[in-house]
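Heads up, my_file.txt below (compact mmCIF, C-alpha atoms):
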# COMPACT_ATOMS: atom_id res chain seq x y z
CA MET A 1 12.70 -2.80 2.74
CA ASP A 2 9.99 -5.02 1.32
CA VAL A 3 6.42 -3.70 1.44
CA ARG A 4 3.61 -6.22 0.98
CA LEU A 5 0.03 -5.21 0.25
CA THR A 6 -2.91 -7.56 0.51
CA ALA A 7 -6.21 -6.69 -1.20
CA ASP A 8 -9.60 -7.57 0.29
CA ASP A 9 -9.84 -10.57 -2.02
CA GLY A 10 -6.51 -11.92 -0.78
CA TYR A 11 -4.45 -10.84 -3.79
CA GLN A 12 -0.96 -9.97 -2.64
CA THR A 13 1.77 -7.97 -4.23
CA GLN A 14 5.16 -6.89 -2.99
CA ARG A 15 7.71 -4.22 -3.81
CA SER A 16 11.17 -3.40 -2.54
CA TYR A 17 12.00 0.20 -1.64
CA SER A 18 15.14 1.87 -0.42
CA ILE A 19 15.13 3.39 3.03
CA ALA A 20 15.84 7.13 2.92
CA SER A 21 16.35 7.67 6.65
CA PRO A 22 19.61 6.97 8.50
CA PRO A 23 19.84 4.25 11.16
CA SER A 24 18.41 5.64 14.36
CA THR A 25 16.99 4.55 17.65
CA ASP A 26 13.48 5.88 17.21
CA GLU A 27 11.09 3.48 15.56
CA ARG A 28 10.41 5.47 12.42
CA LEU A 29 11.77 4.99 8.98
CA THR A 30 11.33 6.95 5.79
CA LEU A 31 10.61 5.48 2.38
CA THR A 32 10.49 7.85 -0.58
CA ILE A 33 8.23 6.50 -3.28
CA GLU A 34 7.91 7.84 -6.80
CA ARG A 35 4.39 7.58 -8.17
CA LEU A 36 4.26 5.85 -11.54
CA ASP A 37 0.83 6.54 -13.00
CA ASP A 38 0.68 3.17 -14.73
CA GLY A 39 2.11 1.38 -11.71
CA GLU A 40 0.28 -1.16 -9.59
CA VAL A 41 1.52 -0.21 -6.15
CA SER A 42 2.93 3.32 -6.17
CA PRO A 43 -0.38 5.08 -7.05
CA TYR A 44 -1.97 3.32 -4.09
CA LEU A 45 0.85 4.27 -1.72
CA ALA A 46 0.92 7.86 -3.00
CA ARG A 47 -2.81 8.58 -3.12
CA GLU A 48 -4.87 6.14 -1.11
CA LEU A 49 -2.73 5.28 1.87
CA HIS A 50 -3.60 7.35 4.93
CA ALA A 51 -2.07 7.94 8.34
CA GLY A 52 -2.97 5.04 10.58
CA ASP A 53 -3.25 2.47 7.77
CA GLN A 54 -1.22 -0.65 8.35
CA LEU A 55 1.39 -2.05 6.00
CA GLU A 56 3.24 -5.32 6.08
CA LEU A 57 6.97 -4.63 6.07
CA ARG A 58 9.99 -6.89 5.94
CA GLY A 59 13.42 -5.55 6.71
CA PRO A 60 15.59 -3.66 6.80
CA ILE A 61 17.47 -6.14 4.67
CA GLY A 62 20.55 -5.94 2.55
CA GLY A 63 24.09 -5.16 3.62
CA TYR A 64 25.51 -4.54 0.17
CA PHE A 65 24.49 -1.03 -0.84
CA VAL A 66 25.56 0.52 2.46
CA TRP A 67 28.01 3.21 3.45
CA ALA A 68 28.95 3.93 7.05
CA PRO A 69 31.33 6.64 8.33
CA ALA A 70 33.83 3.95 9.37
CA LEU A 71 34.28 3.05 5.71
CA GLY A 72 35.79 6.50 5.11
CA GLY A 73 35.96 8.31 1.82
CA PRO A 74 36.03 10.15 -0.38
CA LEU A 75 32.40 9.34 -1.04
CA LEU A 76 31.02 9.74 -4.56
CA LEU A 77 27.27 9.39 -4.92
CA ILE A 78 25.56 9.29 -8.30
CA ALA A 79 21.77 9.49 -8.48
CA GLY A 80 19.22 9.33 -11.26
CA GLY A 81 15.68 10.44 -10.40
CA SER A 82 14.36 8.80 -7.27
CA GLY A 83 17.64 6.87 -7.02
CA SER A 84 18.61 9.66 -4.69
CA CYS A 85 16.73 7.94 -1.81
CA PRO A 86 19.32 5.45 -0.52
CA LEU A 87 22.05 8.02 -1.18
CA MET A 88 20.13 10.51 0.95
CA ALA A 89 20.19 7.97 3.79
CA MET A 90 23.99 7.96 3.51
CA LEU A 91 24.21 11.77 3.53
CA ARG A 92 21.84 11.98 6.50
CA LEU A 93 23.93 9.44 8.38
CA ARG A 94 27.13 11.28 7.46
CA GLN A 95 25.64 14.49 8.87
CA ALA A 96 24.18 12.85 11.99
CA ALA A 97 27.52 11.19 12.76
CA GLY A 98 29.41 14.48 12.38
CA SER A 99 31.52 12.96 9.61
CA THR A 100 33.65 15.28 7.50
CA VAL A 101 34.53 12.64 4.92
CA PRO A 102 34.60 14.53 1.59
CA ALA A 103 31.43 13.72 -0.30
CA ARG A 104 30.05 14.63 -3.71
CA LEU A 105 26.59 13.97 -5.05
CA LEU A 106 25.98 14.08 -8.79
CA TYR A 107 22.22 14.05 -9.25
CA SER A 108 20.59 13.72 -12.65
CA SER A 109 16.99 14.85 -12.84
CA ARG A 110 14.66 15.79 -15.67
CA SER A 111 13.90 19.22 -14.18
CA LEU A 112 14.57 21.23 -11.05
CA ASP A 113 11.05 20.49 -9.77
CA GLU A 114 11.79 16.78 -9.87
CA VAL A 115 14.86 17.07 -7.65
CA ILE A 116 13.86 15.31 -4.44
CA TYR A 117 15.18 16.75 -1.14
CA ARG A 118 16.28 19.97 -2.82
CA SER A 119 16.02 22.18 0.26
CA GLU A 120 17.51 19.56 2.57
CA LEU A 121 20.45 19.12 0.21
CA ALA A 122 21.01 22.87 0.24
CA ARG A 123 21.06 22.81 4.06
CA LEU A 124 23.51 19.91 4.13
CA VAL A 125 25.84 21.72 1.74
CA ALA A 126 25.55 24.95 3.77
CA ALA A 127 26.56 23.06 6.92
CA GLY A 128 30.11 23.13 5.53
CA SER A 129 31.07 19.57 6.33
CA GLY A 130 32.67 18.92 2.96
CA LEU A 131 29.65 17.98 0.88
CA GLU A 132 29.27 19.20 -2.70
CA VAL A 133 26.13 18.69 -4.75
CA MET A 134 26.03 18.93 -8.53
CA LEU A 135 22.71 18.79 -10.35
CA THR A 136 22.31 17.99 -14.00
CA LEU A 137 18.90 18.83 -15.45
CA THR A 138 18.36 16.77 -18.56
CA ARG A 139 15.02 17.91 -19.91
CA ALA A 140 14.13 21.39 -18.67
CA GLN A 141 16.25 24.08 -17.07
CA PRO A 142 15.00 27.17 -15.25
CA PRO A 143 15.84 30.55 -16.84
CA GLY A 144 19.43 31.50 -16.17
CA TRP A 145 20.49 27.95 -15.28
CA THR A 146 24.27 27.75 -15.57
CA GLY A 147 24.68 24.23 -14.26
CA LEU A 148 24.93 20.92 -16.07
CA HIS A 149 22.11 20.08 -18.47
CA ARG A 150 22.85 16.76 -20.15
CA ARG A 151 22.73 13.10 -19.26
CA ILE A 152 25.56 11.71 -17.19
CA ASP A 153 28.51 10.85 -19.42
CA THR A 154 32.21 10.04 -19.14
CA GLU A 155 33.35 13.65 -19.41
CA MET A 156 31.01 14.70 -16.61
CA LEU A 157 32.15 11.84 -14.41
CA GLN A 158 35.77 12.66 -15.05
CA SER A 159 35.27 16.22 -13.81
CA VAL A 160 33.16 15.21 -10.79
CA ALA A 161 34.81 12.01 -9.58
CA TRP A 162 38.05 12.10 -7.68
CA SER A 163 41.04 10.53 -9.41
CA PRO A 164 41.18 6.73 -9.19
CA ALA A 165 44.33 7.14 -7.08
CA GLU A 166 42.22 8.74 -4.34
CA ARG A 167 40.14 5.57 -4.28
CA PRO A 168 36.67 7.00 -3.71
CA TRP A 169 33.82 4.75 -2.63
CA ILE A 170 31.23 5.06 -5.36
CA PHE A 171 27.52 4.40 -4.98
CA ILE A 172 25.26 4.66 -8.02
CA CYS A 173 21.49 4.39 -7.84
CA GLY A 174 18.93 5.03 -10.53
CA PRO A 175 17.25 3.53 -13.57
CA THR A 176 19.23 0.65 -15.07
CA PRO A 177 20.52 2.48 -18.21
CA LEU A 178 21.90 5.36 -16.11
CA VAL A 179 23.54 2.98 -13.64
CA GLU A 180 25.16 0.93 -16.39
CA THR A 181 26.41 4.00 -18.24
CA ALA A 182 27.91 5.53 -15.11
CA ALA A 183 29.42 2.30 -13.74
CA SER A 184 31.12 1.32 -16.99
CA ALA A 185 32.40 4.86 -17.57
CA LEU A 186 33.93 4.94 -14.09
CA VAL A 187 35.62 1.57 -14.67
CA ASP A 188 36.96 2.90 -17.99
CA LEU A 189 38.33 5.94 -16.12
CA GLY A 190 40.31 3.55 -13.93
CA HIS A 191 38.20 3.22 -10.80
CA GLU A 192 38.26 -0.15 -9.08
CA PRO A 193 35.12 -2.18 -9.81
CA ALA A 194 35.15 -3.43 -6.21
CA ARG A 195 34.69 0.13 -4.94
CA ILE A 196 31.71 0.81 -7.22
CA LYS A 197 28.38 -0.32 -5.81
CA THR A 198 25.21 -0.12 -7.83
CA GLU A 199 21.51 -0.30 -7.23
CA ARG A 200 19.43 -0.49 -10.36
CA PHE A 201 15.73 -0.09 -10.10
CA GLY A 202 12.97 -1.00 -12.43
CA PRO A 203 9.22 -0.49 -12.43
CA THR A 204 8.67 -3.53 -10.21
CA GLY A 205 11.86 -3.36 -8.20
CA GLY A 206 13.39 -1.42 -5.37
CA MET B 1 19.88 -8.13 -25.34
CA THR B 2 16.72 -6.12 -25.94
CA MET B 3 16.41 -2.67 -24.47
CA SER B 4 13.50 -3.66 -22.27
CA GLU B 5 15.46 -6.54 -20.80
CA GLN B 6 18.33 -4.21 -20.03
CA GLU B 7 15.99 -1.65 -18.52
CA LEU B 8 14.25 -4.20 -16.35
CA ARG B 9 17.41 -5.83 -15.02
CA LEU B 10 18.04 -5.18 -11.33
CA ASP B 11 20.82 -5.91 -8.84
CA GLY B 12 20.90 -8.77 -6.41
CA ASN B 13 20.10 -6.23 -3.67
CA ALA B 14 16.48 -6.28 -4.76
CA ALA B 15 16.29 -9.99 -3.88
CA ALA B 16 17.53 -9.40 -0.33
CA GLY B 17 14.19 -10.30 1.25
CA LEU B 18 13.67 -13.41 -0.84
CA LEU B 19 17.22 -14.66 -0.24
CA GLN B 20 16.84 -14.17 3.47
CA GLU B 21 13.98 -16.68 3.38
CA VAL B 22 16.45 -19.21 1.98
CA PHE B 23 19.55 -18.43 4.00
CA VAL B 24 19.84 -17.65 7.68
CA HIS B 25 22.10 -14.71 6.92
CA GLU B 26 21.65 -11.53 5.01
CA VAL B 27 23.35 -12.58 1.77
CA THR B 28 23.56 -9.50 -0.47
CA SER B 29 26.93 -8.67 1.11
CA VAL B 30 28.09 -12.30 0.94
CA ARG B 31 30.69 -13.26 -1.66
CA GLY B 32 30.30 -16.18 -4.03
CA ALA B 33 32.18 -17.68 -6.97
CA CYS B 34 30.70 -18.27 -10.42
CA ALA B 35 30.91 -21.91 -11.47
CA ARG B 36 31.50 -20.97 -15.09
CA CYS B 37 34.06 -18.16 -15.10
CA GLY B 38 35.27 -18.20 -11.51
CA ALA B 39 34.53 -14.50 -10.89
CA VAL B 40 34.08 -13.72 -7.22
CA GLY B 41 31.60 -11.05 -6.19
CA GLU B 42 28.98 -10.00 -3.70
CA MET B 43 25.51 -11.37 -4.35
CA GLY B 44 24.03 -7.86 -4.23
CA ALA B 45 26.22 -6.84 -7.16
CA GLN B 46 25.08 -9.59 -9.52
CA HIS B 47 22.42 -9.07 -12.16
CA LEU B 48 18.91 -9.92 -11.09
CA TYR B 49 16.04 -10.76 -13.40
CA MET B 50 12.57 -10.89 -11.88
CA THR B 51 9.05 -10.66 -13.25
CA PRO B 52 8.23 -9.88 -15.99
CA LEU B 53 11.57 -11.21 -17.25
CA SER B 54 11.41 -14.46 -15.32
CA PRO B 55 8.82 -16.32 -13.23
CA GLY B 56 10.97 -16.10 -10.13
CA ALA B 57 14.26 -14.52 -9.22
CA VAL B 58 17.21 -15.34 -11.46
CA LEU B 59 20.67 -14.18 -10.44
CA ARG B 60 23.29 -14.03 -13.19
CA CYS B 61 27.03 -13.42 -13.06
CA THR B 62 27.98 -9.82 -13.93
CA SER B 63 31.17 -11.07 -15.59
CA CYS B 64 29.94 -13.87 -17.88
CA ASP B 65 26.13 -13.67 -17.59
CA SER B 66 26.00 -17.33 -16.56
CA LEU B 67 23.22 -18.51 -14.24
CA LEU B 68 24.15 -18.39 -10.53
CA LEU B 69 20.94 -18.94 -8.62
CA VAL B 70 17.25 -19.41 -9.33
CA ALA B 71 14.42 -19.14 -6.83
CA VAL B 72 10.84 -19.87 -7.90
CA ARG B 73 7.67 -19.93 -5.82
CA THR B 74 5.31 -22.64 -6.91
CA GLY B 75 2.51 -24.58 -5.27
CA GLY B 76 3.25 -23.26 -1.80
CA ARG B 77 6.94 -24.08 -2.08
CA LEU B 78 10.04 -22.10 -2.79
CA ARG B 79 12.39 -24.04 -5.05
CA VAL B 80 15.99 -22.87 -5.05
CA GLY B 81 18.64 -23.89 -7.57
CA LEU B 82 22.23 -23.04 -6.76
CA GLN B 83 23.85 -24.76 -9.73
CA GLY B 84 25.95 -21.79 -10.82
CA LEU B 85 27.75 -21.09 -7.56
CA VAL B 86 30.90 -23.05 -6.68
CA TRP B 87 30.89 -21.56 -3.22
CA ILE B 88 29.44 -18.81 -1.07
CA GLU B 89 31.11 -17.43 2.00
CA LEU B 90 28.88 -16.85 5.04
CA PRO B 91 29.86 -15.23 8.35
CA ASP B 92 31.07 -17.99 10.68
CA GLU B 93 28.89 -17.66 13.75
CA GLY B 94 30.73 -20.53 15.39
CA ALA B 95 34.16 -18.90 15.10
CA ALA B 96 35.86 -17.80 18.32
CA SER B 97 36.22 -14.03 18.15

File written out as structure tokens:
Amino acid sequence: MDVRLTADDGYQTQRSYSIASPPSTDERLTLTIERLDDGEVSPYLARELHAGDQLELRGPIGGYFVWAPALGGPLLLIAGGSGSCPLMAMLRLRQAAGSTVPARLLYSSRSLDEVIYRSELARLVAAGSGLEVMLTLTRAQPPGWTGLHRRIDTEMLQSVAWSPAERPWIFICGPTPLVETAASALVDLGHEPARIKTERFGPTGG
Amino acid sequence: MTMSEQELRLDGNAAAGLLQEVFVHEVTSVRGACARCGAVGEMGAQHLYMTPLSPGAVLRCTSCDSLLLVAVRTGGRLRVGLQGLVWIELPDEGAAS
């Protein structure tokens, strides 16, 4: 989804964001935006935008980074930071469609507080439809944390991903270095490049 | 490749809106063939360089890093160069289904 902002003096700037809500018939959509303090657009969207303000939107666009229940599974989702947004749309759609396709989300975050959708993820897992969520907290861990606590690497992917013979669909979204590390490690482990879809984001991107 | 260039690189997905101004169809899921190495892939999977790395959108082949497509806005026009694509494959709206 492209969001265009126009200042009073006519200056325009545009950003692309991933939609976090599943396809639906009501006319709402959800964008999850991470505020970057030195950013041009996200501080405005996070702090100054109020209910009732108008935005210029273009979309939804893009048929590449998309999973639908008909595609089947298993479904392996790998998120770094706010890269969880488009993956959340897939998990919400999977739930709304009553799909029981096995799904795993490996989510790398700096700390537990920075995990977006934490309570919703817990509910989705508790629903018992075959979703597993694994968090890795790379910078700070709460006392007693027994989960993963390092950056995503080959060993972690090997334990989380299904075997290449099970041909999972793999969607990776996050900062470019994380996406490149994960995608090349999965190819090295024998997964088909054509079943690995990536969405890198940068400070000015989606 | 410098670290910043690697960090700022995106995927073709991020150019979905821009490319839809050029083509009638949504093209991130469209396949194309690289003129240099012949690799076939979806446009959304190719490497995308945008500002501040390039003045417009530059799509490069993920296999050989060769230029596929350039789109630059200048003087009220959008100039599109497709020199690096041998072909792209669009849905055939005219086909009997």

What are the residues of chain A that have an atom within 9 Å of an atom of chain B, counting only C-alpha atoms, as a ChimeraX atom specification? /A:1-2,16-17,58-65,175-177,194,197-206

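Of note, atom CA of Cys34 of chain B and atom CA of Thr181 of chain A are spaced 24.0 Å apart.
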
Need the neighbours of (25.9, -23.9, 12.2): which residues are at most 12 Å away, counting all atoms listed in the file, as a PyMOL selection string? chain B and resi 23-25+90-95

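Coordinates place atom CA of Arg35 of chain A at a distance of 10.1 Å from atom CA of Ser82 of chain A.
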
Edge lengths and centre in Å to one decimal, as lines of an AutoDock Vina configuration file, of the axis-aligned box that encloses all listed atoms of segment 19-38 of chain B with 4 Å added on every side?
center_x = 24.6
center_y = -15.3
center_z = -3.7
size_x = 29.3
size_y = 21.2
size_z = 30.8

So what do you get for atom CA of Gly147 of chain A versus atom CA of Leu124 of chain A, distance-wise? 18.9 Å

Taking (42.0, 11.1, -16.3) in the file's own coordinates, collect the residues within 7 Å, counting all atoms listed in the file, and hand them back as a PDB file with C-alpha atoms, keeping the file's coordinate frame.
ATOM      1  CA  GLN A 158      35.770  12.660 -15.050  1.00  0.00           C
ATOM      2  CA  SER A 163      41.040  10.530  -9.410  1.00  0.00           C
ATOM      3  CA  LEU A 189      38.330   5.940 -16.120  1.00  0.00           C
TER       4      LEU A 189
END
